[in-house]
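What follows is entry.pdb (PDB, N, CA and C atoms).
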ATOM      1  N   MET W   1     -20.274  30.999  -2.993
ATOM      2  CA  MET W   1     -19.238  30.282  -2.273
ATOM      3  C   MET W   1     -19.523  28.783  -2.366
ATOM      4  N   SER W   2     -18.558  28.025  -2.910
ATOM      5  CA  SER W   2     -18.769  26.590  -3.053
ATOM      6  C   SER W   2     -17.964  25.831  -2.008
ATOM      7  N   ASN W   3     -18.482  24.702  -1.640
ATOM      8  CA  ASN W   3     -17.818  23.851  -0.660
ATOM      9  C   ASN W   3     -16.912  22.889  -1.417
ATOM     10  N   THR W   4     -15.600  22.997  -1.233
ATOM     11  CA  THR W   4     -14.662  22.138  -1.951
ATOM     12  C   THR W   4     -14.313  20.887  -1.173
ATOM     13  N   HIS W   5     -14.824  20.752   0.051
ATOM     14  CA  HIS W   5     -14.541  19.584   0.867
ATOM     15  C   HIS W   5     -15.640  18.540   0.681
ATOM     16  N   PRO W   6     -15.252  17.268   0.479
ATOM     17  CA  PRO W   6     -16.274  16.229   0.338
ATOM     18  C   PRO W   6     -16.978  15.993   1.665
ATOM     19  N   PRO W   7     -18.194  15.505   1.607
ATOM     20  CA  PRO W   7     -18.907  15.196   2.859
ATOM     21  C   PRO W   7     -18.136  14.160   3.672
ATOM     22  N   LEU W   8     -18.292  14.235   4.978
ATOM     23  CA  LEU W   8     -17.575  13.317   5.868
ATOM     24  C   LEU W   8     -17.892  11.857   5.550
ATOM     25  N   GLU W   9     -19.106  11.587   5.111
ATOM     26  CA  GLU W   9     -19.485  10.204   4.799
ATOM     27  C   GLU W   9     -18.602   9.623   3.703
ATOM     28  N   GLN W  10     -18.069  10.475   2.837
ATOM     29  CA  GLN W  10     -17.243  10.012   1.724
ATOM     30  C   GLN W  10     -15.749  10.057   2.062
ATOM     31  N   ALA W  11     -15.421  10.512   3.238
ATOM     32  CA  ALA W  11     -14.019  10.646   3.639
ATOM     33  C   ALA W  11     -13.406   9.278   3.933
ATOM     34  N   PRO W  12     -12.079   9.180   3.821
ATOM     35  CA  PRO W  12     -11.411   7.924   4.201
ATOM     36  C   PRO W  12     -11.648   7.614   5.680
ATOM     37  N   GLU W  13     -11.545   6.342   6.018
ATOM     38  CA  GLU W  13     -11.811   5.904   7.391
ATOM     39  C   GLU W  13     -10.942   6.625   8.414
ATOM     40  N   GLU W  14      -9.665   6.883   8.086
ATOM     41  CA  GLU W  14      -8.794   7.553   9.054
ATOM     42  C   GLU W  14      -9.241   8.989   9.330
ATOM     43  N   ILE W  15      -9.846   9.650   8.346
ATOM     44  CA  ILE W  15     -10.374  11.001   8.550
ATOM     45  C   ILE W  15     -11.595  10.936   9.453
ATOM     46  N   LYS W  16     -12.471   9.984   9.206
ATOM     47  CA  LYS W  16     -13.658   9.815  10.047
ATOM     48  C   LYS W  16     -13.261   9.559  11.500
ATOM     49  N   LEU W  17     -12.269   8.687  11.691
ATOM     50  CA  LEU W  17     -11.812   8.379  13.044
ATOM     51  C   LEU W  17     -11.186   9.609  13.691
ATOM     52  N   ALA W  18     -10.379  10.349  12.941
ATOM     53  CA  ALA W  18      -9.754  11.561  13.481
ATOM     54  C   ALA W  18     -10.810  12.567  13.914
ATOM     55  N   VAL W  19     -11.832  12.749  13.117
ATOM     56  CA  VAL W  19     -12.912  13.679  13.466
ATOM     57  C   VAL W  19     -13.608  13.210  14.744
ATOM     58  N   ASP W  20     -13.871  11.918  14.844
ATOM     59  CA  ASP W  20     -14.500  11.373  16.054
ATOM     60  C   ASP W  20     -13.623  11.588  17.285
ATOM     61  N   LEU W  21     -12.321  11.361  17.140
ATOM     62  CA  LEU W  21     -11.412  11.545  18.270
ATOM     63  C   LEU W  21     -11.328  13.008  18.688
ATOM     64  N   ILE W  22     -11.252  13.902  17.716
ATOM     65  CA  ILE W  22     -11.223  15.337  18.021
ATOM     66  C   ILE W  22     -12.496  15.739  18.756
ATOM     67  N   TYR W  23     -13.636  15.263  18.275
ATOM     68  CA  TYR W  23     -14.904  15.575  18.937
ATOM     69  C   TYR W  23     -14.905  15.044  20.370
ATOM     70  N   LEU W  24     -14.443  13.816  20.558
ATOM     71  CA  LEU W  24     -14.403  13.218  21.888
ATOM     72  C   LEU W  24     -13.535  14.043  22.838
ATOM     73  N   LEU W  25     -12.357  14.431  22.371
ATOM     74  CA  LEU W  25     -11.457  15.223  23.204
ATOM     75  C   LEU W  25     -12.039  16.597  23.524
ATOM     76  N   GLU W  26     -12.574  17.255  22.509
ATOM     77  CA  GLU W  26     -13.122  18.599  22.717
ATOM     78  C   GLU W  26     -14.384  18.581  23.575
ATOM     79  N   SER W  27     -15.253  17.603  23.343
ATOM     80  CA  SER W  27     -16.512  17.560  24.092
ATOM     81  C   SER W  27     -16.284  17.206  25.557
ATOM     82  N   ASN W  28     -15.138  16.589  25.855
ATOM     83  CA  ASN W  28     -14.797  16.271  27.237
ATOM     84  C   ASN W  28     -13.821  17.274  27.832
ATOM     85  N   ASP W  29     -13.598  18.363  27.107
ATOM     86  CA  ASP W  29     -12.751  19.474  27.564
ATOM     87  C   ASP W  29     -11.375  18.986  28.024
ATOM     88  N   ILE W  30     -10.771  18.124  27.205
ATOM     89  CA  ILE W  30      -9.440  17.597  27.497
ATOM     90  C   ILE W  30      -8.406  18.640  27.070
ATOM     91  N   ALA W  31      -7.496  18.972  27.959
ATOM     92  CA  ALA W  31      -6.449  19.946  27.654
ATOM     93  C   ALA W  31      -5.575  19.420  26.517
ATOM     94  N   PRO W  32      -5.163  20.291  25.603
ATOM     95  CA  PRO W  32      -4.369  19.850  24.456
ATOM     96  C   PRO W  32      -3.102  19.079  24.841
ATOM     97  N   GLU W  33      -2.409  19.513  25.889
ATOM     98  CA  GLU W  33      -1.177  18.807  26.267
ATOM     99  C   GLU W  33      -1.473  17.405  26.800
ATOM    100  N   ILE W  34      -2.597  17.243  27.474
ATOM    101  CA  ILE W  34      -3.012  15.912  27.954
ATOM    102  C   ILE W  34      -3.404  15.040  26.766
ATOM    103  N   ALA W  35      -4.135  15.617  25.819
ATOM    104  CA  ALA W  35      -4.547  14.868  24.630
ATOM    105  C   ALA W  35      -3.333  14.384  23.852
ATOM    106  N   LEU W  36      -2.334  15.243  23.658
ATOM    107  CA  LEU W  36      -1.131  14.841  22.928
ATOM    108  C   LEU W  36      -0.366  13.738  23.657
ATOM    109  N   ALA W  37      -0.254  13.853  24.954
ATOM    110  CA  ALA W  37       0.434  12.824  25.730
ATOM    111  C   ALA W  37      -0.305  11.487  25.616
ATOM    112  N   ALA W  38      -1.613  11.521  25.701
ATOM    113  CA  ALA W  38      -2.411  10.300  25.588
ATOM    114  C   ALA W  38      -2.303   9.709  24.189
ATOM    115  N   LEU W  39      -2.314  10.560  23.172
ATOM    116  CA  LEU W  39      -2.208  10.070  21.800
ATOM    117  C   LEU W  39      -0.852   9.417  21.539
ATOM    118  N   LYS W  40       0.199   9.911  22.163
ATOM    119  CA  LYS W  40       1.517   9.276  22.033
ATOM    120  C   LYS W  40       1.491   7.869  22.622
ATOM    121  N   ILE W  41       0.824   7.715  23.747
ATOM    122  CA  ILE W  41       0.701   6.400  24.375
ATOM    123  C   ILE W  41      -0.093   5.462  23.466
ATOM    124  N   VAL W  42      -1.174   5.972  22.913
ATOM    125  CA  VAL W  42      -2.000   5.169  22.001
ATOM    126  C   VAL W  42      -1.179   4.765  20.778
ATOM    127  N   GLN W  43      -0.417   5.697  20.225
ATOM    128  CA  GLN W  43       0.408   5.392  19.059
ATOM    129  C   GLN W  43       1.424   4.297  19.378
ATOM    130  N   GLN W  44       2.078   4.413  20.522
ATOM    131  CA  GLN W  44       3.056   3.400  20.926
ATOM    132  C   GLN W  44       2.398   2.028  21.071
ATOM    133  N   ASP W  45       1.209   2.000  21.652
ATOM    134  CA  ASP W  45       0.489   0.743  21.840
ATOM    135  C   ASP W  45       0.132   0.114  20.494
ATOM    136  N   ILE W  46      -0.368   0.925  19.584
ATOM    137  CA  ILE W  46      -0.767   0.399  18.268
ATOM    138  C   ILE W  46       0.452  -0.068  17.488
ATOM    139  N   GLU W  47       1.550   0.697  17.544
ATOM    140  CA  GLU W  47       2.778   0.282  16.863
ATOM    141  C   GLU W  47       3.292  -1.034  17.433
ATOM    142  N   HIS W  48       3.198  -1.198  18.750
ATOM    143  CA  HIS W  48       3.615  -2.452  19.382
ATOM    144  C   HIS W  48       2.753  -3.612  18.892
ATOM    145  N   ARG W  49       1.448  -3.390  18.818
ATOM    146  CA  ARG W  49       0.552  -4.448  18.330
ATOM    147  C   ARG W  49       0.854  -4.810  16.882
ATOM    148  N   LEU W  50       1.159  -3.813  16.054
ATOM    149  CA  LEU W  50       1.512  -4.089  14.666
ATOM    150  C   LEU W  50       2.788  -4.910  14.561
ATOM    151  N   GLN W  51       3.771  -4.594  15.410
ATOM    152  CA  GLN W  51       5.025  -5.347  15.407
ATOM    153  C   GLN W  51       4.818  -6.791  15.823
ATOM    154  N   THR W  52       3.964  -7.011  16.811
ATOM    155  CA  THR W  52       3.731  -8.385  17.270
ATOM    156  C   THR W  52       2.925  -9.177  16.248
ATOM    157  N   GLN W  53       2.101  -8.493  15.453
ATOM    158  CA  GLN W  53       1.355  -9.183  14.397
ATOM    159  C   GLN W  53       2.291  -9.636  13.279
ATOM    160  N   LYS W  54       3.346  -8.845  13.016
ATOM    161  CA  LYS W  54       4.299  -9.182  11.949
ATOM    162  C   LYS W  54       5.220 -10.311  12.352
ATOM    163  N   ALA W  55       5.386 -10.505  13.646
ATOM    164  CA  ALA W  55       6.334 -11.526  14.129
ATOM    165  C   ALA W  55       5.799 -12.925  13.976
TER     166      ALA W  55
END
Any chance you could put this one into structure tokens?
Amino acid sequence: MSNTHPPLEQAPEEIKLAVDLIYLLESNDIAPEIALAALKIVQQDIEHRLQTQKA
């Protein structure tokens, strides 16, 4: 059985961050619906910051 997935160290930065966020949520026993609601807020905040940077 061969491992077809590259090591995390070689993964793109967004994959590394996603893995870290998943670990943070799971290790703190955050309910999935709470995590999704929080991630929507984070997404809105980041999108707002990107828009203000372009202005």
Pairwise distance for CA of Ser27 in chain W and atom N of Glu13 in chain W, rounded to one decimal in Å: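 So the answer is 21.8 Å.
Between atom N of Ile22 in chain W and atom C of Gln43 in chain W lies a distance of 16.0 Å.
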Length of the CA of Leu24 in chain W to CA of His5 in chain W vector [Å]: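 It comes out at 22.0 Å.
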